[in-house]
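Enquirer: One file is attached below, coords_30.txt, containing compact mmCIF, C-alpha atoms and all ligand atoms.
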```
# COMPACT_ATOMS: atom_id res chain seq x y z
CA MET A 554 12.86 -1.09 -4.64
CA GLU A 555 9.30 -2.50 -4.73
CA GLY A 556 6.79 0.29 -5.33
CA ILE A 557 5.29 1.40 -2.02
CA TYR A 558 3.23 4.59 -2.32
CA PRO A 559 1.85 5.73 1.04
CA ILE A 560 0.88 9.24 -0.19
CA ILE A 561 -0.54 10.07 -3.62
CA TRP A 562 -1.48 13.62 -4.62
CA ASP A 563 -3.47 14.04 -7.85
CA GLY A 564 -3.95 17.81 -7.84
CA THR A 565 -7.37 17.83 -6.18
CA SER A 566 -7.32 15.02 -3.63
CA LEU A 567 -4.88 13.19 -1.40
CA LYS A 568 -4.89 9.41 -1.32
CA LEU A 569 -3.40 7.79 1.76
CA LEU A 570 -2.59 4.10 1.96
CA ASP A 571 -4.55 2.96 5.02
CA GLN A 572 -1.82 1.74 7.38
CA ARG A 573 -4.38 0.44 9.87
CA LEU A 574 -5.34 -2.30 7.43
CA LEU A 575 -1.91 -3.48 6.34
CA PRO A 576 -0.67 -6.11 5.75
CA GLU A 577 -3.96 -7.87 4.91
CA VAL A 578 -5.60 -5.14 2.84
CA GLU A 579 -4.01 -2.51 0.57
CA ARG A 580 -6.63 0.22 0.39
CA TYR A 581 -6.42 3.98 0.00
CA VAL A 582 -8.48 6.57 1.88
CA GLU A 583 -9.27 9.59 -0.27
CA CYS A 584 -9.08 13.00 1.41
CA GLN A 585 -10.84 15.91 -0.25
CA THR A 586 -10.80 18.36 2.63
CA LEU A 587 -8.53 19.52 5.41
CA GLU A 588 -10.89 17.79 7.87
CA ASP A 589 -10.42 14.46 6.06
CA VAL A 590 -6.64 14.84 6.33
CA LYS A 591 -6.77 15.67 10.05
CA GLU A 592 -8.94 12.61 10.71
CA CYS A 593 -6.50 10.39 8.82
CA ILE A 594 -3.55 11.72 10.83
CA LYS A 595 -5.34 11.31 14.18
CA LYS A 596 -6.51 7.80 13.38
CA MET A 597 -3.09 6.77 12.00
CA VAL A 598 -4.23 6.00 8.47
CA VAL A 599 -0.92 7.76 7.80
CA ARG A 600 1.89 7.85 10.38
CA GLY A 601 5.66 8.24 10.69
CA ALA A 602 7.25 11.66 11.16
CA PRO A 603 8.30 12.52 7.57
CA ALA A 604 5.04 11.14 6.12
CA LEU A 605 3.12 13.39 8.52
CA GLY A 606 5.06 16.43 7.27
CA VAL A 607 4.27 15.64 3.63
CA THR A 608 0.62 14.85 4.40
CA ALA A 609 0.17 18.06 6.39
CA ALA A 610 1.59 20.08 3.48
CA PHE A 611 -0.96 18.60 1.07
CA GLY A 612 -3.69 19.02 3.71
CA LEU A 613 -2.97 22.75 3.64
CA ILE A 614 -3.17 22.77 -0.15
CA LEU A 615 -6.68 21.31 0.08
CA ALA A 616 -7.54 24.08 2.56
CA ALA A 617 -5.97 26.76 0.35
CA GLN A 618 -7.85 25.48 -2.71
CA LYS A 619 -11.10 25.81 -0.77
CA PHE A 620 -10.33 29.32 0.53
CA ILE A 621 -9.16 30.60 -2.83
CA GLY A 622 -11.44 28.57 -5.14
CA ASP A 623 -14.05 31.22 -5.92
CA PHE A 624 -11.54 34.00 -6.49
CA THR A 625 -9.72 32.26 -9.32
CA GLN A 626 -13.05 32.20 -11.20
CA LEU A 627 -13.38 35.98 -11.15
CA GLU A 628 -11.98 38.11 -13.93
CA GLU A 629 -10.65 40.77 -11.65
CA GLU A 630 -9.48 38.32 -9.08
CA GLN A 631 -6.90 40.59 -7.44
CA GLU A 632 -9.48 43.21 -6.51
CA ALA A 633 -11.98 40.85 -4.95
CA PHE A 634 -9.37 38.83 -3.07
CA SER A 635 -8.03 39.80 0.36
CA PHE A 636 -4.62 38.28 0.97
CA PRO A 637 -4.59 39.00 4.75
CA GLU A 638 -7.92 37.21 5.08
CA PHE A 639 -6.65 34.25 3.09
CA GLN A 640 -3.38 34.06 5.04
CA ALA A 641 -5.22 34.24 8.38
CA LYS A 642 -7.45 31.33 7.34
CA LEU A 643 -4.46 29.32 6.16
CA GLU A 644 -2.53 29.97 9.39
CA SER A 645 -5.51 28.85 11.43
CA ALA A 646 -5.86 25.70 9.30
CA GLY A 647 -2.14 25.07 9.87
CA ASN A 648 -2.58 25.38 13.63
CA THR A 649 -5.36 22.83 13.68
CA LEU A 650 -3.19 20.43 11.66
CA LYS A 651 -0.30 20.85 14.09
CA GLU A 652 -2.57 19.82 16.95
CA THR A 653 -3.47 16.44 15.45
CA ARG A 654 -0.31 14.70 16.70
CA PRO A 655 2.08 16.59 18.97
CA THR A 656 5.38 14.68 18.98
CA ALA A 657 6.58 14.43 15.37
CA VAL A 658 8.08 17.85 14.59
CA ASN A 659 7.99 17.16 10.85
CA LEU A 660 4.25 17.80 10.95
CA SER A 661 4.73 21.42 12.08
CA TRP A 662 7.72 21.71 9.77
CA GLY A 663 5.59 20.74 6.72
CA VAL A 664 2.89 23.20 7.77
CA GLU A 665 5.43 26.01 8.28
CA ARG A 666 7.00 25.42 4.85
CA ILE A 667 3.63 26.01 3.18
CA LEU A 668 2.76 28.98 5.41
CA ASN A 669 6.15 30.61 4.75
CA LYS A 670 5.72 30.15 1.02
CA SER A 671 2.31 31.73 1.24
CA ARG A 672 3.65 34.69 3.28
CA SER A 673 6.10 35.36 0.45
CA LEU A 674 3.27 35.57 -2.12
CA LYS A 675 1.27 38.48 -0.73
CA GLU A 676 1.47 40.45 -3.98
CA ALA A 677 0.46 37.54 -6.21
CA LEU A 678 -2.84 36.72 -7.93
CA PRO A 679 -4.88 33.99 -6.21
CA SER A 680 -4.39 31.60 -9.13
CA LEU A 681 -0.63 32.01 -8.86
CA ILE A 682 -0.69 31.58 -5.07
CA ILE A 683 -2.44 28.24 -5.41
CA LYS A 684 -0.03 27.10 -8.11
CA GLU A 685 3.04 28.06 -6.10
CA LEU A 686 1.77 26.47 -2.89
CA GLU A 687 1.06 23.22 -4.68
CA GLN A 688 4.55 23.32 -6.17
CA GLU A 689 5.98 23.74 -2.66
CA ALA A 690 4.06 20.71 -1.37
CA ASN A 691 5.27 18.65 -4.33
CA ALA A 692 8.82 19.81 -3.59
CA ILE A 693 8.47 18.68 0.04
CA PHE A 694 7.38 15.26 -1.24
CA ASP A 695 10.25 14.95 -3.76
CA GLU A 696 12.87 16.24 -1.32
CA ASP A 697 11.77 13.71 1.28
CA ILE A 698 12.55 10.82 -1.05
CA SER A 699 15.90 12.24 -2.14
CA VAL A 700 16.86 13.01 1.49
CA ASN A 701 15.99 9.43 2.47
CA LYS A 702 18.19 8.08 -0.28
CA LYS A 703 21.10 10.19 0.98
CA ILE A 704 20.49 8.94 4.53
CA GLY A 705 20.51 5.40 3.12
CA GLU A 706 23.78 6.01 1.32
CA TRP A 707 25.52 7.37 4.43
CA GLY A 708 24.04 4.83 6.78
CA ALA A 709 24.95 1.85 4.62
CA LYS A 710 28.61 2.67 5.30
CA LEU A 711 27.97 1.58 8.90
CA ILE A 712 26.57 -1.80 7.89
CA GLY A 713 29.06 -4.61 7.39
CA ASP A 714 28.61 -7.82 5.41
CA ASN A 715 26.75 -10.51 7.35
CA TYR A 716 25.36 -7.97 9.80
CA THR A 717 22.27 -8.62 11.86
CA ILE A 718 20.41 -5.36 12.47
CA LEU A 719 17.61 -4.74 14.92
CA THR A 720 14.94 -2.14 14.18
CA HIS A 721 11.90 -0.89 16.02
CA CYS A 722 8.59 0.52 14.76
CA ASN A 723 8.43 1.42 11.07
CA ALA A 724 10.83 4.00 9.70
CA GLY A 725 10.42 2.80 6.13
CA ALA A 726 8.76 3.85 2.89
CA LEU A 727 5.43 3.83 4.70
CA ALA A 728 6.65 6.37 7.27
CA THR A 729 7.92 8.78 4.62
CA ALA A 730 7.06 9.86 1.07
CA GLY A 731 8.94 6.69 0.06
CA TYR A 732 12.17 4.71 0.69
CA GLY A 733 12.49 5.37 4.45
CA THR A 734 15.09 6.51 6.95
CA ALA A 735 16.16 3.55 9.14
CA LEU A 736 14.79 1.12 6.55
CA GLY A 737 16.40 3.27 3.84
CA VAL A 738 19.77 2.41 5.39
CA ILE A 739 18.84 -1.28 5.51
CA ARG A 740 17.54 -1.16 1.91
CA ARG A 741 20.73 0.48 0.64
CA ALA A 742 22.98 -2.02 2.43
CA PHE A 743 20.92 -4.89 0.98
CA TYR A 744 21.11 -3.52 -2.56
CA GLN A 745 24.85 -3.06 -2.17
CA GLY A 746 24.91 -6.85 -1.97
CA LYS A 747 25.59 -7.14 1.74
CA LYS A 748 24.18 -10.22 3.36
CA ILE A 749 22.07 -8.85 6.15
CA MET A 750 19.34 -10.06 8.46
CA VAL A 751 16.90 -7.84 10.28
CA TYR A 752 15.31 -8.45 13.66
CA VAL A 753 11.98 -6.64 13.55
CA ASP A 754 10.49 -5.68 16.93
CA GLU A 755 6.73 -6.17 16.67
CA THR A 756 6.21 -2.74 18.35
CA ARG A 757 3.20 -2.97 20.62
CA PRO A 758 0.53 -1.74 20.62
CA PHE A 759 0.01 -0.47 17.04
CA LEU A 760 2.30 -3.22 15.67
CA GLN A 761 4.16 -1.02 13.19
CA GLY A 762 6.96 -3.61 13.24
CA SER A 763 5.01 -6.80 12.60
CA ARG A 764 2.43 -5.28 10.27
CA LEU A 765 4.39 -2.63 8.38
CA THR A 766 8.17 -3.15 8.62
CA ALA A 767 7.85 -6.92 8.13
CA TRP A 768 5.58 -6.28 5.11
CA GLU A 769 8.04 -3.84 3.53
CA LEU A 770 11.07 -6.07 4.04
CA GLN A 771 9.30 -9.22 2.88
CA LYS A 772 8.12 -7.46 -0.30
CA GLU A 773 11.77 -6.90 -1.18
CA GLY A 774 13.15 -10.23 -0.09
CA ILE A 775 15.23 -8.72 2.72
CA PRO A 776 15.73 -11.51 5.30
CA LEU A 777 13.99 -10.82 8.59
CA SER A 778 12.95 -12.39 11.85
CA LEU A 779 10.00 -10.95 13.69
CA ILE A 780 10.45 -10.83 17.46
CA VAL A 781 8.26 -9.66 20.34
CA ASP A 782 9.52 -6.41 21.89
CA GLY A 783 10.52 -8.22 25.06
CA ALA A 784 12.86 -10.56 23.14
CA ALA A 785 15.18 -7.76 22.00
CA GLY A 786 17.29 -7.94 25.17
CA TYR A 787 17.66 -11.69 24.87
CA HIS A 788 19.03 -11.47 21.32
CA ILE A 789 21.24 -8.47 22.03
CA HIS A 790 22.74 -10.08 25.12
CA LYS A 791 23.37 -13.33 23.22
CA GLY A 792 25.51 -11.36 20.78
CA ASP A 793 23.11 -11.90 17.86
CA VAL A 794 22.82 -8.20 16.97
CA ASN A 795 25.56 -6.11 15.29
CA CYS A 796 23.71 -2.81 15.46
CA ILE A 797 20.36 -1.18 16.15
CA ILE A 798 18.85 1.41 13.77
CA VAL A 799 15.73 3.41 14.49
CA GLY A 800 14.08 6.57 13.15
CA ALA A 801 13.09 9.68 15.14
CA ASP A 802 10.05 11.88 15.66
CA ARG A 803 11.86 14.86 17.13
CA ILE A 804 15.49 15.47 18.05
CA ALA A 805 16.22 18.16 20.64
CA ALA A 806 19.03 20.74 20.46
CA ASN A 807 21.20 18.58 22.75
CA GLY A 808 20.69 15.44 20.61
CA ASP A 809 18.03 13.72 22.78
CA VAL A 810 15.73 11.64 20.58
CA ALA A 811 11.98 11.13 20.77
CA ASN A 812 10.90 7.96 18.98
CA LYS A 813 8.40 5.12 19.28
CA ILE A 814 7.83 3.80 22.79
CA GLY A 815 10.42 1.10 23.48
CA THR A 816 13.29 2.91 21.76
CA TYR A 817 14.87 4.06 25.04
CA THR A 818 14.85 0.47 26.33
CA LEU A 819 16.75 -0.60 23.21
CA ALA A 820 19.29 2.20 23.63
CA VAL A 821 20.00 1.13 27.23
CA LEU A 822 20.34 -2.50 26.12
CA ALA A 823 22.71 -1.39 23.36
CA LYS A 824 24.93 0.53 25.79
CA GLU A 825 24.98 -2.34 28.29
CA ASN A 826 26.01 -4.81 25.59
CA ASN A 827 28.36 -2.58 23.54
CA VAL A 828 26.17 -2.62 20.47
CA PRO A 829 26.07 0.55 18.30
CA PHE A 830 22.76 2.42 18.51
CA TYR A 831 22.05 4.49 15.38
CA VAL A 832 19.30 7.03 14.75
CA ALA A 833 18.51 7.77 11.09
CA ALA A 834 16.57 10.98 10.48
CA PRO A 835 16.41 13.99 8.17
CA LEU A 836 17.56 17.41 9.39
CA SER A 837 13.88 18.44 9.38
CA THR A 838 13.41 16.21 12.45
CA ILE A 839 15.78 18.38 14.52
CA ASP A 840 13.98 20.94 16.67
CA MET A 841 16.46 23.51 17.97
CA SER A 842 13.66 25.24 19.89
CA VAL A 843 13.62 22.47 22.48
CA ASN A 844 16.77 22.31 24.57
CA SER A 845 16.43 18.72 25.66
CA GLY A 846 14.13 15.73 25.49
CA LYS A 847 12.48 16.86 28.73
CA GLU A 848 10.71 19.62 26.76
CA ILE A 849 9.32 17.28 24.10
CA VAL A 850 5.59 16.62 24.37
CA VAL A 851 4.95 12.88 24.33
CA GLU A 852 1.62 11.93 22.81
CA GLU A 853 -0.62 9.82 25.05
CA ARG A 854 -2.93 7.66 22.95
CA ASP A 855 -6.15 5.89 23.79
CA PRO A 856 -5.52 3.00 26.24
CA GLU A 857 -7.92 0.96 24.10
CA GLU A 858 -5.03 0.43 21.71
CA ILE A 859 -3.47 -1.71 24.48
CA THR A 860 -6.51 -3.34 26.00
CA ASN A 861 -8.11 -4.30 22.67
CA LEU A 862 -6.91 -5.70 19.41
CA ARG A 863 -9.32 -4.93 16.59
CA GLY A 864 -12.28 -5.36 18.88
CA LEU A 865 -10.87 -8.40 20.72
CA PRO A 866 -10.41 -7.73 24.46
CA LEU A 867 -6.84 -8.43 25.65
CA SER A 868 -7.39 -7.56 29.31
CA PRO A 869 -10.17 -7.52 31.93
CA PRO A 870 -12.89 -4.93 31.24
CA GLY A 871 -12.45 -1.54 32.92
CA ILE A 872 -8.74 -2.06 33.61
CA ASN A 873 -6.41 0.95 33.95
CA ALA A 874 -3.90 1.29 31.12
CA LYS A 875 -1.43 3.95 30.00
CA ASN A 876 -0.39 4.39 26.41
CA PRO A 877 2.47 6.87 25.80
CA ALA A 878 3.25 6.58 22.09
CA PHE A 879 6.88 7.73 22.33
CA ASP A 880 9.83 7.85 24.71
CA ILE A 881 12.98 9.91 24.99
CA THR A 882 16.46 8.49 24.45
CA PRO A 883 19.17 10.70 25.95
CA ALA A 884 21.87 11.78 23.50
CA ASN A 885 24.59 10.01 25.47
CA LEU A 886 23.09 6.66 24.43
CA VAL A 887 23.19 7.48 20.72
CA THR A 888 26.28 6.17 18.91
CA ALA A 889 25.58 8.18 15.77
CA LEU A 890 22.96 10.25 14.06
CA ILE A 891 22.64 9.45 10.35
CA THR A 892 21.31 12.39 8.33
CA GLU A 893 21.29 13.40 4.67
CA CYS A 894 24.42 15.45 5.42
CA GLY A 895 26.47 12.63 6.89
CA ILE A 896 27.11 10.70 10.06
CA LEU A 897 27.34 12.60 13.33
CA ASN A 898 29.07 10.51 15.98
CA PHE A 899 28.05 10.92 19.63
CA PRO A 900 25.69 13.90 19.15
CA ASN A 901 25.84 16.73 21.68
CA GLU A 902 24.72 20.35 21.84
CA GLU A 903 27.79 21.76 20.10
CA LYS A 904 27.75 19.23 17.26
CA MET A 905 23.99 19.66 16.76
CA LYS A 906 24.48 23.43 16.34
CA GLN A 907 27.01 22.80 13.57
CA LEU A 908 24.81 20.17 11.93
CA VAL A 909 21.78 22.43 11.59
CA GLN A 910 23.91 25.02 9.79
CA LYS A 911 23.71 22.62 6.87
CA ARG A 912 19.94 23.07 6.60
CA ARG A 913 18.92 24.83 3.42
O1 LIG B 1 3.21 6.55 15.99
P1 LIG B 1 3.96 6.49 14.70
O2 LIG B 1 3.77 5.22 13.96
O3 LIG B 1 3.71 7.71 13.86
O4 LIG B 1 5.48 6.54 15.15
C1 LIG B 1 6.48 6.45 14.17
C2 LIG B 1 7.85 6.39 14.72
O5 LIG B 1 8.07 6.43 15.90
C3 LIG B 1 8.97 6.37 13.72
O6 LIG B 1 10.06 5.66 14.21
C4 LIG B 1 9.42 7.81 13.40
O7 LIG B 1 8.33 8.61 13.07
C5 LIG B 1 10.40 7.86 12.29
S1 LIG B 1 9.68 7.44 10.75
C6 LIG B 1 10.84 7.65 9.53
```
Please express the file's structure as structure tokens.

Expert:
Amino acid sequence: MEGIYPIIWDGTSLKLLDQRLLPEVERYVECQTLEDVKECIKKMVVRGAPALGVTAAFGLILAAQKFIGDFTQLEEEQEAFSFPEFQAKLESAGNTLKETRPTAVNLSWGVERILNKSRSLKEALPSLIIKELEQEANAIFDEDISVNKKIGEWGAKLIGDNYTILTHCNAGALATAGYGTALGVIRRAFYQGKKIMVYVDETRPFLQGSRLTAWELQKEGIPLSLIVDGAAGYHIHKGDVNCIIVGADRIAANGDVANKIGTYTLAVLAKENNVPFYVAAPLSTIDMSVNSGKEIVVEERDPEEITNLRGLPLSPPGINAKNPAFDITPANLVTALITECGILNFPNEEKMKQLVQKRR
């Protein structure tokens, strides 16, 4: 696979490939503080559920380094250092990170992994705490890539030769630590030698499809056709599409899926036209604390994203606009959930309970 590195950690700073500028410009934003990381998440320099989890983990390392910094310089570090004080500061930093974007559960998941690790280190010296926390963040990063590859391996079994696949948003290397979930499946099928073609929904208003997914696929020579979101139904109804694959931001205990706005429309179109609708996501995207999609908070973003395009007005001034960033696809419209642990056909509450048992 072509090297795509959305998140680079060098031990003291976090470099994020600025996804607002792609495909024209490949530039990194360097984060040196927790505040920098939060700004980058809010402004979508980095986006995509798994990428948000990894970024949040490193954001907490930057915070921990700041809180602990002075104590590792002292000879008798253990005496001067108060673990409860440190942990309280870290928990509060974690809470502010979780608030940056509410829908993708991986963000809270990444934060909780670091906080849990820290809770387990209450007897340790500050220098060891920092080392162990950084190791945990690096493990989250590495695991994300290996999990994506497993998802790709499982999902590719569902892709036949000469398939045309439709995808929405960007669930690729850019949305993860690397490789991707939905695009991981597509990548794997392509590298298995299957002749495939991908319809890429442009994904208004942030254009993750036309700017990011098209860029990733083109880099690797995977055949694609960019379409406007409204053309999906036309192609599906014509019989041009063998299956639809999307990622997920949060999956409820009953299998309902929150994903980029427009996903639900695709799922209904798929059902109406007997086309399989697949959701590719790691187990970390499943949130058993929400019973159904109704309980998932859908982020509302600035209407300016719809009414303007990089400063160019697209509608009359002062117009009313609504910009929900995600929608909910009920489980009964999902043909299968593709995870690192296998393919779960027709997800429901009972099957989801069994699936999460496989979490480490
Ligand atoms: O608003 P975004 O770009 O963060 O939304 C991303 C999506 O909806 C993706 O489909 C989802 O996070 C899965 S990414 C592997």

Enquirer: Rank nothing, just name the residue among A:Lys906, A:Arg580, A:Arg573, A:Arg666 nearest to Lys596 in chain A, using all atoms listed in the file.

Expert: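 Between A:Lys906, A:Arg580, A:Arg573, A:Arg666, the residue approaching Lys596 in chain A most closely is A:Arg573.
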
Enquirer: Which of these, A:Ala811, A:Gly762, A:Val887, A:Leu836, has the shortest distance to Lys824 in chain A once you count all atoms listed in the file?

Expert: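 Closest to Lys824 in chain A of all the choices is A:Val887.
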
Enquirer: Which residues come within 10 Å of Leu615 in chain A, counting only C-alpha atoms, excluding same-chain residues fewer than 6 positions away, as a ChimeraX atom specification?

Expert: /A:564-567,584-590,609,683,687

Enquirer: Using all atoms listed in the file, what table do you get, as JSON lines, when you list each residue of chain A with an atom no more than 9 Å from ligand LIG 1 (chain B), its nearest pair of atoms, and their distance in Å rounded to one decimal, rows by chain then rising number?

Expert:
```
{"residue": "A:Ile594", "atom": "CA", "partner": "B:LIG1", "partner_atom": "O3", "distance": 8.8}
{"residue": "A:Met597", "atom": "CA", "partner": "B:LIG1", "partner_atom": "O3", "distance": 7.1}
{"residue": "A:Val599", "atom": "CA", "partner": "B:LIG1", "partner_atom": "O3", "distance": 7.6}
{"residue": "A:Arg600", "atom": "CA", "partner": "B:LIG1", "partner_atom": "O3", "distance": 3.9}
{"residue": "A:Gly601", "atom": "CA", "partner": "B:LIG1", "partner_atom": "O7", "distance": 3.6}
{"residue": "A:Ala602", "atom": "CA", "partner": "B:LIG1", "partner_atom": "O7", "distance": 3.8}
{"residue": "A:Pro603", "atom": "CA", "partner": "B:LIG1", "partner_atom": "C6", "distance": 5.8}
{"residue": "A:Ala604", "atom": "CA", "partner": "B:LIG1", "partner_atom": "S1", "distance": 7.5}
{"residue": "A:Leu605", "atom": "CA", "partner": "B:LIG1", "partner_atom": "O3", "distance": 7.8}
{"residue": "A:Arg654", "atom": "CA", "partner": "B:LIG1", "partner_atom": "O3", "distance": 8.5}
{"residue": "A:Thr656", "atom": "CA", "partner": "B:LIG1", "partner_atom": "O3", "distance": 8.8}
{"residue": "A:Ala657", "atom": "CA", "partner": "B:LIG1", "partner_atom": "O7", "distance": 6.5}
{"residue": "A:Asn659", "atom": "CA", "partner": "B:LIG1", "partner_atom": "O7", "distance": 8.8}
{"residue": "A:Asn701", "atom": "CA", "partner": "B:LIG1", "partner_atom": "C6", "distance": 8.9}
{"residue": "A:His721", "atom": "CA", "partner": "B:LIG1", "partner_atom": "O6", "distance": 7.0}
{"residue": "A:Cys722", "atom": "CA", "partner": "B:LIG1", "partner_atom": "O6", "distance": 5.4}
{"residue": "A:Asn723", "atom": "CA", "partner": "B:LIG1", "partner_atom": "O6", "distance": 5.5}
{"residue": "A:Ala724", "atom": "CA", "partner": "B:LIG1", "partner_atom": "C6", "distance": 3.7}
{"residue": "A:Gly725", "atom": "CA", "partner": "B:LIG1", "partner_atom": "C6", "distance": 5.9}
{"residue": "A:Ala726", "atom": "CA", "partner": "B:LIG1", "partner_atom": "C6", "distance": 7.9}
{"residue": "A:Leu727", "atom": "CA", "partner": "B:LIG1", "partner_atom": "C6", "distance": 8.2}
{"residue": "A:Ala728", "atom": "CA", "partner": "B:LIG1", "partner_atom": "S1", "distance": 4.7}
{"residue": "A:Thr729", "atom": "CA", "partner": "B:LIG1", "partner_atom": "C6", "distance": 5.8}
{"residue": "A:Gly733", "atom": "CA", "partner": "B:LIG1", "partner_atom": "C6", "distance": 5.8}
{"residue": "A:Thr734", "atom": "CA", "partner": "B:LIG1", "partner_atom": "C6", "distance": 5.1}
{"residue": "A:Ala735", "atom": "CA", "partner": "B:LIG1", "partner_atom": "C6", "distance": 6.7}
{"residue": "A:Leu736", "atom": "CA", "partner": "B:LIG1", "partner_atom": "C6", "distance": 8.2}
{"residue": "A:Phe759", "atom": "CA", "partner": "B:LIG1", "partner_atom": "O2", "distance": 7.5}
{"residue": "A:Leu760", "atom": "CA", "partner": "B:LIG1", "partner_atom": "O2", "distance": 8.7}
{"residue": "A:Gln761", "atom": "CA", "partner": "B:LIG1", "partner_atom": "O2", "distance": 6.3}
{"residue": "A:Val799", "atom": "CA", "partner": "B:LIG1", "partner_atom": "O6", "distance": 6.1}
{"residue": "A:Gly800", "atom": "CA", "partner": "B:LIG1", "partner_atom": "C5", "distance": 4.0}
{"residue": "A:Ala801", "atom": "CA", "partner": "B:LIG1", "partner_atom": "C5", "distance": 4.3}
{"residue": "A:Asp802", "atom": "CA", "partner": "B:LIG1", "partner_atom": "O7", "distance": 4.5}
{"residue": "A:Arg803", "atom": "CA", "partner": "B:LIG1", "partner_atom": "O7", "distance": 8.2}
{"residue": "A:Ala811", "atom": "CA", "partner": "B:LIG1", "partner_atom": "O5", "distance": 7.8}
{"residue": "A:Asn812", "atom": "CA", "partner": "B:LIG1", "partner_atom": "O5", "distance": 4.5}
{"residue": "A:Lys813", "atom": "CA", "partner": "B:LIG1", "partner_atom": "O5", "distance": 3.6}
{"residue": "A:Ile814", "atom": "CA", "partner": "B:LIG1", "partner_atom": "O5", "distance": 7.4}
{"residue": "A:Thr816", "atom": "CA", "partner": "B:LIG1", "partner_atom": "O5", "distance": 8.6}
{"residue": "A:Ala833", "atom": "CA", "partner": "B:LIG1", "partner_atom": "C6", "distance": 7.8}
{"residue": "A:Ala834", "atom": "CA", "partner": "B:LIG1", "partner_atom": "C6", "distance": 6.7}
{"residue": "A:Pro835", "atom": "CA", "partner": "B:LIG1", "partner_atom": "C6", "distance": 8.5}
{"residue": "A:Thr838", "atom": "CA", "partner": "B:LIG1", "partner_atom": "C5", "distance": 8.9}
{"residue": "A:Glu852", "atom": "CA", "partner": "B:LIG1", "partner_atom": "O1", "distance": 8.8}
{"residue": "A:Ala878", "atom": "CA", "partner": "B:LIG1", "partner_atom": "O1", "distance": 6.1}
{"residue": "A:Phe879", "atom": "CA", "partner": "B:LIG1", "partner_atom": "O5", "distance": 6.7}
```

Enquirer: Neighbouring residues of Lys875 in chain A were defined as those with any atom within 10 Å, considering all atoms listed in the file; residues of the same chain fewer than 4 positions away were excluded. Please report them as JSON, numbers by chain.

Expert: {"A": [853, 854, 855, 856, 857, 858, 859, 860]}

Enquirer: If we count all atoms listed in the file, what is near Glu902 in chain A at a cut-off of 9 Å, once residues fewer than 4 positions away on the same chain are taken out, given as number ranges by chain?

Expert: A: 805-808, 844, 906-907

Enquirer: Please indicate the distance in Å from CA of Val664 in chain A to CA of Pro883 in chain A, rounded to one decimal place.

Expert: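 Calculated distance between CA of Val664 in chain A and CA of Pro883 in chain A is 27.4 Å.
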
Enquirer: Residues near Trp662 in chain A, anyone? I mean within 8 Å using all atoms listed in the file, not counting same-chain ones fewer than 4 positions away, as a list in words.

Expert: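 Here the qualifying residues turn out to be Gly606, Val658, Arg666 and Ser837 of chain A.
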
Enquirer: Find the residue from A:Asn861, A:Ala616, A:Leu908, A:His790 that sits nearest to Met841 in chain A; use only C-alpha atoms when measuring.

Expert: A:Leu908
